[in-house]
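K.L.:
So I've got this file, data12.txt, and it contains compact mmCIF, C-alpha atoms:
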```txt
# COMPACT_ATOMS: atom_id res chain seq x y z
CA MET A 175 40.03 138.97 115.39
CA LYS A 176 39.35 139.39 111.67
CA LYS A 177 40.68 136.63 109.45
CA PHE A 178 41.55 137.29 105.81
CA VAL A 179 40.68 134.63 103.25
CA LEU A 180 42.95 133.32 100.53
CA GLY A 181 41.48 131.29 97.73
CA GLY A 182 41.89 130.09 94.16
CA PHE A 183 43.61 126.95 92.86
CA LEU A 184 45.74 127.03 95.98
CA VAL A 185 45.24 130.43 97.54
CA VAL A 186 44.28 133.99 96.62
CA MET A 187 45.53 136.80 98.84
CA LEU A 188 42.90 139.07 100.29
CA THR A 189 44.94 142.21 100.84
CA LEU A 190 44.57 144.88 103.41
CA ALA A 191 44.17 147.29 100.53
CA CYS A 192 40.62 145.96 100.35
CA GLU A 193 39.84 147.19 103.84
CA LYS A 194 37.81 150.39 103.94
CA ASP A 195 38.80 151.26 107.50
CA THR A 196 42.05 153.07 108.17
CA ASP A 197 44.78 150.76 109.46
CA THR A 198 46.69 152.45 112.26
CA THR A 199 48.99 149.59 113.23
CA GLN A 200 51.72 150.78 110.87
CA GLN A 201 52.11 154.03 112.84
CA TYR A 202 53.97 152.22 115.61
CA PRO A 203 57.18 150.17 115.72
CA SER A 204 56.50 146.48 115.37
CA LEU A 205 56.89 144.30 118.45
CA VAL A 206 57.95 141.35 116.30
CA ASN A 207 61.60 140.40 116.78
CA LEU A 208 63.30 139.47 113.50
CA GLU A 209 67.05 139.82 113.00
CA LEU A 210 67.88 137.95 109.82
CA ASP A 211 71.53 137.42 110.76
CA LEU A 212 70.51 135.53 113.91
CA LEU A 213 67.92 133.18 112.37
CA PRO A 214 66.59 130.66 112.99
CA TYR A 215 65.89 131.34 116.65
CA ASP A 216 65.90 128.44 119.10
CA ARG A 217 62.35 129.06 120.37
CA LEU A 218 59.15 130.18 118.68
CA SER A 219 58.57 132.77 121.41
CA ASP A 220 61.86 134.49 120.47
CA TYR A 221 60.13 135.99 117.42
CA ASN A 222 57.45 137.64 119.59
CA LEU A 223 54.87 137.03 116.87
CA PHE A 224 52.14 136.40 119.45
CA GLN A 225 50.86 138.09 122.59
CA GLY A 226 50.21 136.50 125.98
CA ASN A 227 50.26 132.71 126.22
CA LEU A 228 51.88 131.37 123.09
CA LYS A 229 49.37 128.53 122.75
CA ASP A 230 46.45 130.97 122.42
CA PHE A 231 47.58 132.08 118.92
CA GLU A 232 46.84 135.74 119.76
CA PRO A 233 48.89 137.66 117.15
CA GLN A 234 50.64 140.97 117.56
CA LEU A 235 48.71 143.86 115.98
CA ASP A 236 50.67 143.68 112.73
CA VAL A 237 50.58 139.87 112.44
CA TYR A 238 47.56 139.04 110.31
CA PRO A 239 45.55 135.79 110.37
CA TYR A 240 44.34 134.40 107.07
CA ASP A 241 42.64 131.31 105.73
CA ILE A 242 42.55 129.46 102.41
CA LEU A 243 39.73 128.06 100.32
CA SER A 244 41.45 124.81 99.36
CA HIS A 245 42.96 122.86 102.27
CA LEU A 246 45.62 120.17 101.96
CA PHE A 247 45.25 117.03 104.08
CA THR A 248 47.84 116.64 106.86
CA ASP A 249 46.98 113.62 109.02
CA TYR A 250 43.66 115.22 110.06
CA ALA A 251 45.48 118.14 111.71
CA LYS A 252 43.79 121.53 111.93
CA LYS A 253 45.75 124.63 110.96
CA GLU A 254 45.96 128.30 111.84
CA ARG A 255 47.77 130.62 109.43
CA PHE A 256 49.31 134.08 109.93
CA ILE A 257 51.58 136.44 108.03
CA TRP A 258 53.86 139.30 109.08
CA MET A 259 55.75 141.84 107.00
CA PRO A 260 58.02 144.66 108.22
CA ASN A 261 56.48 148.14 108.45
CA GLY A 262 56.44 150.18 105.28
CA VAL A 263 56.86 147.37 102.75
CA SER A 264 54.45 145.50 100.51
CA ALA A 265 54.15 142.37 98.41
CA THR A 266 53.87 142.84 94.66
CA TYR A 267 51.58 141.12 92.19
CA ASP A 268 53.39 139.17 89.44
CA GLY A 269 50.34 137.72 87.68
CA ASP A 270 47.48 135.34 88.34
CA GLY A 271 48.66 131.95 89.56
CA GLU A 272 52.10 133.30 90.49
CA VAL A 273 53.30 133.47 94.09
CA LEU A 274 53.21 137.04 95.37
CA ASN A 275 56.63 138.67 95.44
CA PHE A 276 57.14 139.14 99.18
CA PRO A 277 59.77 141.54 100.51
CA THR A 278 62.73 140.61 102.69
CA GLY A 279 61.64 139.98 106.27
CA THR A 280 58.25 138.43 105.48
CA VAL A 281 57.26 135.61 107.87
CA ILE A 282 54.53 133.09 106.95
CA ILE A 283 53.34 131.11 109.98
CA LYS A 284 51.33 127.89 110.13
CA HIS A 285 50.31 126.08 113.33
CA PHE A 286 49.31 122.38 113.19
CA TYR A 287 47.09 121.16 116.03
CA TYR A 288 44.32 118.77 117.12
CA ASP A 289 41.28 119.36 119.30
CA ASN A 290 39.75 116.78 121.69
CA VAL A 291 43.03 114.92 122.16
CA GLN A 292 42.78 111.99 124.56
CA PRO A 293 42.87 111.15 127.40
CA LEU A 294 42.16 114.70 128.68
CA ASN A 295 40.09 115.86 125.70
CA GLU A 296 42.32 118.92 125.22
CA ARG A 297 43.87 120.78 122.33
CA ARG A 298 47.38 119.71 121.40
CA ILE A 299 49.59 121.86 119.19
CA VAL A 300 52.16 119.67 117.45
CA GLU A 301 54.31 121.98 115.35
CA THR A 302 54.56 125.49 113.95
CA ARG A 303 56.18 125.96 110.57
CA LEU A 304 57.72 129.27 109.52
CA LEU A 305 58.76 130.44 106.07
CA ILE A 306 61.02 133.49 106.36
CA ARG A 307 62.09 135.62 103.40
CA THR A 308 65.77 136.45 103.72
CA GLU A 309 67.68 138.68 101.32
CA LEU A 310 68.55 135.74 99.06
CA GLU A 311 65.96 133.01 99.64
CA TRP A 312 63.16 131.58 101.76
CA MET A 313 64.30 129.95 105.00
CA PHE A 314 62.43 127.03 106.59
CA ALA A 315 62.12 126.87 110.37
CA ASP A 316 60.01 124.24 112.12
CA TYR A 317 59.16 124.43 115.84
CA VAL A 318 57.99 121.38 117.79
CA TRP A 319 55.80 122.04 120.85
CA ASN A 320 56.58 120.68 124.30
CA GLU A 321 54.14 118.56 126.29
CA ASP A 322 53.17 121.50 128.52
CA GLN A 323 52.16 123.53 125.42
CA THR A 324 54.16 126.48 126.71
CA GLU A 325 56.89 126.64 124.05
CA ALA A 326 57.99 125.27 120.69
CA PHE A 327 61.63 124.51 119.87
CA HIS A 328 63.47 124.61 116.56
CA ASP A 329 63.77 121.12 115.09
CA LEU A 330 64.20 120.16 111.44
CA GLN A 331 65.20 116.53 112.01
CA GLY A 332 61.71 115.16 111.41
CA SER A 333 59.91 112.69 113.69
CA PHE A 334 56.61 110.94 114.43
CA THR A 335 54.23 111.38 117.33
CA ASP A 336 51.15 109.34 118.23
CA ILE A 337 47.87 111.21 118.72
CA ALA A 338 44.38 109.96 119.58
CA PHE A 339 41.59 112.49 119.13
CA VAL A 340 37.80 112.47 118.98
CA ASN A 341 36.47 113.78 115.66
CA ASP A 342 33.24 115.66 114.95
CA LEU A 343 31.33 112.37 114.71
CA GLY A 344 32.40 111.32 118.20
CA ILE A 345 34.79 108.68 116.85
CA THR A 346 38.26 108.29 118.32
CA VAL A 347 40.91 108.46 115.60
CA ASP A 348 44.50 107.27 116.10
CA VAL A 349 47.14 109.11 114.10
CA ASN A 350 50.89 108.63 113.77
CA TYR A 351 51.57 112.26 112.91
CA ARG A 352 54.64 113.11 110.83
CA ILE A 353 56.56 116.21 111.97
CA THR A 354 58.29 117.54 108.90
CA SER A 355 62.04 117.45 108.24
CA GLU A 356 64.10 119.96 106.29
CA THR A 357 64.36 117.54 103.37
CA GLU A 358 60.58 117.20 103.25
CA CYS A 359 60.19 120.99 103.36
CA ASN A 360 62.44 121.27 100.33
CA THR A 361 60.60 118.49 98.49
CA CYS A 362 57.28 120.35 98.66
CA HIS A 363 58.47 123.92 98.33
CA ASN A 364 61.28 123.77 95.79
CA ILE A 365 60.70 124.92 92.23
CA GLY A 366 63.91 123.94 90.49
CA ALA A 367 66.69 125.08 92.80
CA VAL A 368 64.57 127.80 94.40
CA SER A 369 62.40 127.42 97.50
CA VAL A 370 59.11 129.33 97.50
CA PRO A 371 55.82 129.32 99.40
CA ILE A 372 53.34 126.86 97.91
CA GLY A 373 50.88 129.77 98.05
CA PRO A 374 49.73 132.44 98.24
CA LYS A 375 48.81 132.77 94.58
CA PRO A 376 46.35 135.52 93.62
CA GLN A 377 43.88 134.61 90.92
CA ILE A 378 40.62 136.53 90.96
CA PRO A 379 40.25 140.25 91.88
CA ILE A 380 37.96 140.52 94.90
CA CYS A 381 37.63 144.27 95.33
CA ASP A 382 38.48 147.56 93.65
CA SER A 383 41.98 148.22 94.94
CA PRO A 384 45.57 148.59 93.71
CA LEU A 385 47.34 145.39 92.77
CA THR A 386 50.03 146.00 95.36
CA PRO A 387 48.85 144.31 98.56
CA THR A 388 49.99 146.00 101.76
CA PHE A 389 50.20 144.28 105.13
```
Written as C-alpha cells, that's how I'd like the structure from this file.
P.N.:
Amino acid sequence: MKKFVLGGFLVVMLTLACEKDTDTTQQYPSLVNLELDLLPYDRLSDYNLFQGNLKDFEPQLDVYPYDILSHLFTDYAKKERFIWMPNGVSATYDGDGEVLNFPTGTVIIKHFYYDNVQPLNERRIVETRLLIRTELEWMFADYVWNEDQTEAFHDLQGSFTDIAFVNDLGITVDVNYRITSETECNTCHNIGAVSVPIGPKPQIPICDSPLTPTF
C-alpha cells in the first residue's frame, strides 16, 4: 500500500498527478457510501471506507493513505491518515500555505491508536475522526472504538480513557487519553466562523505536474 506524504509548515499535499503510472481506480463506481443528507452515520463501518476487518485500516481502492512531515502531539497516540474524494472531482490550489479547496463529498480520515497496550500487549484503536465536506461547510464526526475493536460509534460528547502501553524503550507509559468533543473540534479547526481542515496546506512543488491535485 503506497502512502503519500504531506509536508511543509503543517502539511504539503503530494497529489496523484505526480504519479507516472496510470490510475485505473476512477474507471469504476466507488464502494464508499456517502449520502450527505444522512450524515453523520451511527457507525464508522457505514461509510464503507475500508475493506475486510475494520481494524486493519485496509482502504478501498479510491481511499488514499497519506502522511505528514510535521506531527502534532496527541497523548503519545499514533495516527493513520486517509482521504477520499468522489469520482471525477479534484481539489484546487489556492496558494502556498492555504488549505486546498476540496470539493463537496471529500472525507479526511484520521485513526488514533496505540501499540503494545497492556496487559495483552496488543494494538488498541481509540478513535477515528472524520472531516466531511458538505455543500456549505466541513462536518466533524468522531467515532469511538469498542473494546472488541470491531466497530467505532459516533460520539462527540468527549471523554477520557486510561491506557497503559510499552514504548520503544521498553518503558510502560500510563496515559489518560482525551477523546475529543465537538467543542474541542471547533476550537482547533475554526478560522473565524468557518471550520476548515488544519491541513493540508501545499507549500513547495515536488514534481512537474498541474497545480490541480486529483484523487
K.L.:
What's the 7 Å shell around region 280-285 of chain A, counting all atoms listed in the file, without same-chain residues fewer than 4 positions away, as a list in words?
P.N.:
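So the residues in contact are Lys253, Glu254, Arg255, Phe256, Ile257, Trp258, Met259, Pro260, Phe276, Glu301, Thr302, Arg303, Leu304, Leu305, Ile306 and Arg307 of chain A.
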K.L.:
What does the distance between CA of Asp249 (chain A) and CA of Asp230 (chain A) come to in Å, to one decimal place?
P.N.:
21.9 Å
K.L.:
Rank A:Asp342, A:Gln331, A:Asp322, A:Tyr317 by their smallest atom-to-atom distance to Arg217 (chain A), using only C-alpha atoms, and report the top residue only.
P.N.:
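Checking each candidate against Arg217 (chain A), we get A:Tyr317 as the closest.
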K.L.:
Just how far from CA of Arg352 (chain A) is CA of Asp336 (chain A), in Å to one decimal?
P.N.:
9.0 Å
K.L.:
Please indicate the distance in Å from CA of Ile242 (chain A) to CA of Ser333 (chain A), rounded to one decimal place.
P.N.:
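Computing the Euclidean distance for CA of Ile242 (chain A) and CA of Ser333 (chain A) yields 26.6 Å.
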K.L.:
Which polymer residues have any atom within 7 Å of an atom of Asn275 (chain A), counting all atoms listed in the file, with same-chain residues fewer than 6 positions away left out, as a PDB file with C-alpha atoms, in the frame of the given file?
P.N.:
```
ATOM      1  CA  ALA A 265      54.150 142.370  98.410  1.00  0.00           C
ATOM      2  CA  THR A 266      53.870 142.840  94.660  1.00  0.00           C
ATOM      3  CA  TYR A 267      51.580 141.120  92.190  1.00  0.00           C
ATOM      4  CA  ASP A 268      53.390 139.170  89.440  1.00  0.00           C
TER       5      ASP A 268
END
```
K.L.:
Counting only C-alpha atoms, figure out which residue out of A:Phe286, A:Tyr215, A:Phe339, A:Phe314 gets nearest to Phe327 (chain A).
P.N.:
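Checking each candidate against Phe327 (chain A), we get A:Tyr215 as the closest.
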K.L.:
Which residue is closest to Glu309 (chain A)? Choose from A:Thr346, A:Thr278, A:Gln225, A:Gln323 and count only C-alpha atoms.
P.N.:
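Once distances to Glu309 (chain A) are computed over only C-alpha atoms, the minimum belongs to A:Thr278.
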K.L.:
Would you pick out the contacts of Asp329 (chain A) at 10 Å or less, using all atoms listed in the file, so that residues sharing its chain but fewer than 5 positions from it are not included, and give the list as a PDB file with C-alpha atoms, keeping the file's coordinate frame?
P.N.:
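Listing of around04.pdb after writing:
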```pdb
ATOM      1  CA  ASP A 216      65.900 128.440 119.100  1.00  0.00           C
ATOM      2  CA  ARG A 217      62.350 129.060 120.370  1.00  0.00           C
ATOM      3  CA  GLU A 301      54.310 121.980 115.350  1.00  0.00           C
ATOM      4  CA  ALA A 315      62.120 126.870 110.370  1.00  0.00           C
ATOM      5  CA  ASP A 316      60.010 124.240 112.120  1.00  0.00           C
ATOM      6  CA  TYR A 317      59.160 124.430 115.840  1.00  0.00           C
ATOM      7  CA  VAL A 318      57.990 121.380 117.790  1.00  0.00           C
ATOM      8  CA  TRP A 319      55.800 122.040 120.850  1.00  0.00           C
ATOM      9  CA  ILE A 353      56.560 116.210 111.970  1.00  0.00           C
ATOM     10  CA  THR A 354      58.290 117.540 108.900  1.00  0.00           C
ATOM     11  CA  SER A 355      62.040 117.450 108.240  1.00  0.00           C
ATOM     12  CA  GLU A 356      64.100 119.960 106.290  1.00  0.00           C
TER      13      GLU A 356
END
```
